[in-house]
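Chemist: For reference, the structure I am asking about is given below.
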Amino acid sequence: MANSCRKLIFNIYIGFYCSAVIQICICSQFTSSSIVQFNKDRGAFPVATNGELFPWHELRLPTMVIPLHYDLFVHPNLTSLDFVASEKIEVLVRDATQFIILHSKDLEIMNVTLQSEEDLRYRKPGKKLTVLSYPAHEQIALLVPEKLMADLRYSVAIDFQAKLADGFEGFYKSTYRTLGGETRTIAVTDFEPTQARMAFPCFDEPLFKANFSIKIRRESRHIALSNMPKVKTIELEGGLLEDHFETTVKMSTYLVAYIVCDFNSVSGIASSGVKVSIHAAPDKWSQTHYALEASLKLLDFYENYFDIHYPLAKLDLVAIPDFESGAMENWGLVTYRETSLLFDPKTSSTSDKLWVTKVIAHELAHQWFGNLVTMEWWNDIWLKEGFATYMEHISINVTYPELQFDDDFLNMCFEVIKRDSLNSSHPISNQAETSTQIKEMFDAVSYEKGACILNMLKDFLSEEKFKKGIIHYLKKFSYRNAKHDDLWSSLSNDCLESDSTSGGFCYSDSKRTSNTLAFLRENVEVKQMMATWTLQKGIPLVVVNREGRSLRLQQERFLNGVFKEDPEWGALQERYLWHIPVTYSTSSSNAIHRHILKSKTDTLDLPEKTSWVKFNVDSNGYYIVHYEGHGWYQLITLLNQNHTLLRPKDRISLIHDAFQLVSAGRLTLDKALDLTRYLQHETSIPALLKGLEYLELFYHIMERRNVSDVTENLKHYLLQYFKPAIDKQSWRDEGSVWDRRLRSALLKLTCYLNHAPCIQKATELFSQWMESNGKLNIPTDVLKIVYSVGAQTTAGWNYLLEQYELSLSGAEKNKILYALSTSKHQEKLMKLIELGMEGKVIKTQDLAALLHAIARNPKGQQLAWNFVKENWIHLLKKFELGSFPIRMIISGTTSHFSSKDELQEVKLFFESLKAQGSHLEIFQIVLETISKNIKWLEKNLPTLRNWLLISI
Ligand code: BES
Ligand code: ZN
């Protein structure tokens with residue numbers, strides 16, 4: 001997942017929510033002291049929906065009253081599509097107060113009463129409370145007749161009701177079609193980050209942890225699931241059933257979940273005795289088995305790795321037919337988009353399997369990072385998202401080594417570097433207050449950069465010390481909240497109970513390498529070092545200059561699209577400084593040398609003469625390296641002479657860094673292209689694919705801009721240069737994961753370039769598939785290619801659309817939808833958009849990906865963009881402003897633009913949105929990206945043209 005954006009919402013929300021909250025008592029009952037207080041600050045307080053002053057003006061809740069326990073009863077009606085509910089919240093008053101502020105959004109509140117402990121003891125009826133509502137902050141105020149006393153507990157009872165939401169947030173409805181063609185409805189929750197308040201009034205901030213006892217009423221044809229195991233089911237008059245669930249452990253509201261559905265499940269028992277079940281719509285049951293195997297393995301792994309038991313007796317993983325993001329880690333009841341959980345052996349490819357494994361690994365890691373230990377506030381979501389992303393790799397490398405997931409880590413870091421090297425990036429730990437800002441935090445910086453810097457720290461500290469530190473952190477903050485400093489304290493030299501000390505440092509045994517010990521002696525403060533990576537945006541560039549045995553290092557901020565000679569370059573560098581744990585290897589030994597670059601410049605002496613030096617060994621560091629003088633020349637020569645002298649990951653990082661340096665104006669494109677010439681001999685598939693990726697990217701840029709001579713020559717070059725590899729490909733699912741990924745990538749490109757043998761084979765398979773009426777099994781790794789070739793004829797396209805409607809495999813549907821979006825006919829592309837907007841055949845959850853796919857098609861780019869501009873209001877009715885789909889729609893339909901006219905057009909559109917009150921961080925990212933594209937073309941088109949002329 002993830003990209004980004006920001007701000008505003010109030011003016012949109014006010015009118016909309018006013019009618020939703022009904023007030024019970026009209027009279028407000030402030031005591032004189034609070035009225036004095038009120039009058040003093042009159043201007044500072046907002047006005048509630050009934051015209052009275054609302055006693056709280058901040059977005060965050062006050063801490064005078066904190067929740068301890070929620071008794072929540074919910075009765076959804078899947079026919080009338082609404083729910084009635086009630087709750088009793090036990091609260092502790094920390095400071096005497098006259099009001100309780102809670103979150104509530106779109107709920108009709110019918111009755112609110114309050115009982116003191118004494119009232120409860122003597123069974124006195126509750127006192128009715130006045131409710132004020134301030135929709136702009138999604139808050140309600142419960143006004144109490146007599147001051148609530150500090151250190152006492154009270155019970156607040158609230159009756160409320162609402163419609164099941166239309167979108168993907170709060171308590172919403174989702175539908176699916178059965179094999180028999182019947183449409184069925186289920187009700188499901190999705191609360192993160194700020195949507196629990198749409199399902200029940202609550203203290204909807206991560207710091208307010210409490211226990212939840214949930215009861216769900218349902219019809220007998222349904223089942224109900226929640227975070228905890230069911231304790232009992234009560235039969236009610238009229239045939240309704242009521243499930244009572246065990247009280248949860250102490251947790252934040254965003255992790256609460258419940259579902260009413262008619263799904264089937266498969267179950268297994270983990271080594272620790274936890275019951276793991278995978279639930280899906282009845283006809284999709286056969287696709288649940290891989291997820292069960294993976295979740296059992298991964299749960300075992302995490303329980304061992306963290307040395308902390310998963311604290312609940314069961315873990316449910318549920319495939320939800322309508323889901324906005326990829327998955328959500330609700331404690332004990334993890335919800336997934338169908339394509340993130342289900343694996344269909346007939347239509348799911350290797351990449352699909354990797355994705356499912358990755359998402360399961362990610363959400364299970366959250367059961368510790370996020371659920372057990374939660375960030376104090378959303379500014380630090382990287383503490384859970386960065387960690388879950390990091391842990392995906394740690395866990396999959398052990399549980400599924402055959403998936404060879406390790407090499408993907410690098411690619412993930414490269415992806416986020418693109419974003420982080422724009423000035424519009426933000427620090428990992430970033431201020432976020434409004435719901436829109438909080439939603440925007442779920443982006444590549446929190447996830448991927450978070451994971452990459454954790455990996456760098458692990459490499460620096462040693463795996464053992466890092467692991468020990470995070471276990472310490474998890475144990476220390478269990479059922480509590482933490483901030484980033486708490487993590488650094490656990491990871492730094494602060495002695496853990498089990499450690500002994502020596503020379504002012506802790507260490508537990510002698511396994512630590514002498515290198516690391518040396519660093520510990522330097523008294524490196526982890527906290528200080530990590531502050532430079534989390535509180536400062538961007539990525540450093542390390543410039544290496546070698547003269548004999550002396551290495552001069554220099555650090556600066558790496559900026560994509562801003563050149564050193566540009567006037568703004570200097571200002572953009574000011575005050576940026578990182579503590580960079582650099583590593584390097586040389587021609588003279590296999591050793592990994594380490595140094596911390598804390599200042600702008602530094603000098604190192606090599607112990608012996610070497611013919612080359614390669615920095616950032618295995619690309620574990622989050623920085624780009626530039627070799628001045630003869631550095632690049634020496635490395636390119638080395639690659640051509642014997643590339644195996646460098647580790648595969650080092651070869652990948654050289655390719656990556658070289659092309660990044662081209663974008664920053666530090667290396668000429670022909671040098672970077674020359675570097676790829678060695679790829680003909682490359683034996684590492686990830687390295688080969690990295691080189692191919694850049695060449696393919698250039699092809700797409702040229703094609704979009706209609707630079708026909710370069711497009712043609714590049715096509716020629718690609719087909720000629722990769723011919724030996726292309727010719728080796730079979731059209732079968734065979735070989736290792738990377739063999740299979742190479743096959744998919746190469747054949748996709750070859751068919752895209754209209755290479756006759758590829759088109760012929762794909763057409764043949766497609767015809768056979770059509771003749772078999774969709775029964776023939778096409779090898780899964782080439783399925784998307786075959787469908788895409790088939791979609792180029794009208795008959796093929798129509799047939800694919802029919803199959804799309806019928807298919808029960810999300811993996812297949814995604815491939816078909818992608819294939820349909822590659823049509824050259826605009827009326828077909830428009831039809832897809834219409835279907836996506838209608839939301840029946842093509843679900844709304846797939847609309848963003850559809851628009852993105854159409855915009856990637858040169859014949860669809862203008863169409864998709866025009867559509868977004870003209871239908872912005874309609875899109876905002878489907879998705880919330882800062883949500884992932886909205887950000888994806890914006891960046892997906894604009895960020896490939898590369899002309900000044902397009903930039904101007906996009907700018908004007910964003911300005912009109914800002915004038916209407918919508919402001920997102922993604923706007924600036926897109927504008928910078930387009931400017932960068934323009935600059936790249938201006939600078940590099942002639943070089944690319946010439947290089948091709950001498951290369952083919
Ligand atoms: N906690 C998130 C779900 C989420 C995403 C909540 C966005 C609110 C906003 C979940 O753990 C997650 O990160 N899901 C990813 C999948 C993951 C494998 C990267 C997603 O939904 O893309
Ligand atoms: Zn996550």
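In the structure tokens, chains take the letters A, B, ... in the order shown, each chain's residues start at 1, and ligands count up from 1 in the order shown.
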Give me, as a list in words, the set of residues whose atoms come within 7 Å of any atom of ligand 2, counting only C-alpha atoms and all ligand atoms.
Modeler: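 Residues satisfying the distance criterion: Met328, Glu329, His362, Glu363, His366, Lys384, Glu385 and Ala388 of chain A.
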Chemist: Using only C-alpha atoms and all ligand atoms, which protein or nucleic acid residues are at most 8 Å from ligand 1, as a PyMOL selection string?
Modeler: chain A and resi 1-2+191-193+324-329+355+358-363+366+385+388-389+439+442+447+883-884
Chemist: Would you compute the distance between atom CA of Asn590 of chain A and atom CA of Ile417 of chain A? Give it in Å to one decimal.
Modeler: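 One can read the atom CA of Asn590 of chain A to atom CA of Ile417 of chain A distance as 27.9 Å.
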Chemist: Apply DSSP to the backbone of this structure and, from segment 84-326 of chain A, keep only the residues in strand (DSSP E); write these as a PyMOL selection string.
Modeler: chain A and resi 84-93+97-103+108-116+127-128+130-134+139-148+153-163+170-177+183-190+211-218+223-226+230-235+241-245+258-261+264-269+275-280+314-320
Chemist: Do you know which residues are at most 9 Å from Leu941 of chain A counting only C-alpha atoms, after dropping those on the same chain fewer than 4 positions away, and could you put them as a ChimeraX atom specification?
Modeler: /A:702,710,936-937,945-946
Chemist: Applying 8 Å and only C-alpha atoms, which residues near Glu402 of chain A remain after dropping the ones on its own chain fewer than 2 positions away? List them as a ChimeraX atom specification.
Modeler: /A:400,404,736-737
Chemist: Between A:Trp378, A:Ser220, A:Lys465, A:Asp82, single out the one closest to Ile438 of chain A, counting only C-alpha atoms.
Modeler: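 Among the listed residues, A:Trp378 lies closest to Ile438 of chain A.
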Chemist: Given the choices A:Val231, A:Gly735, A:Ser348, A:Trp612, which gets closest to Pro779 of chain A if the distance is worked out from only C-alpha atoms?
Modeler: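 Smallest distance to Pro779 of chain A is found for A:Ser348.
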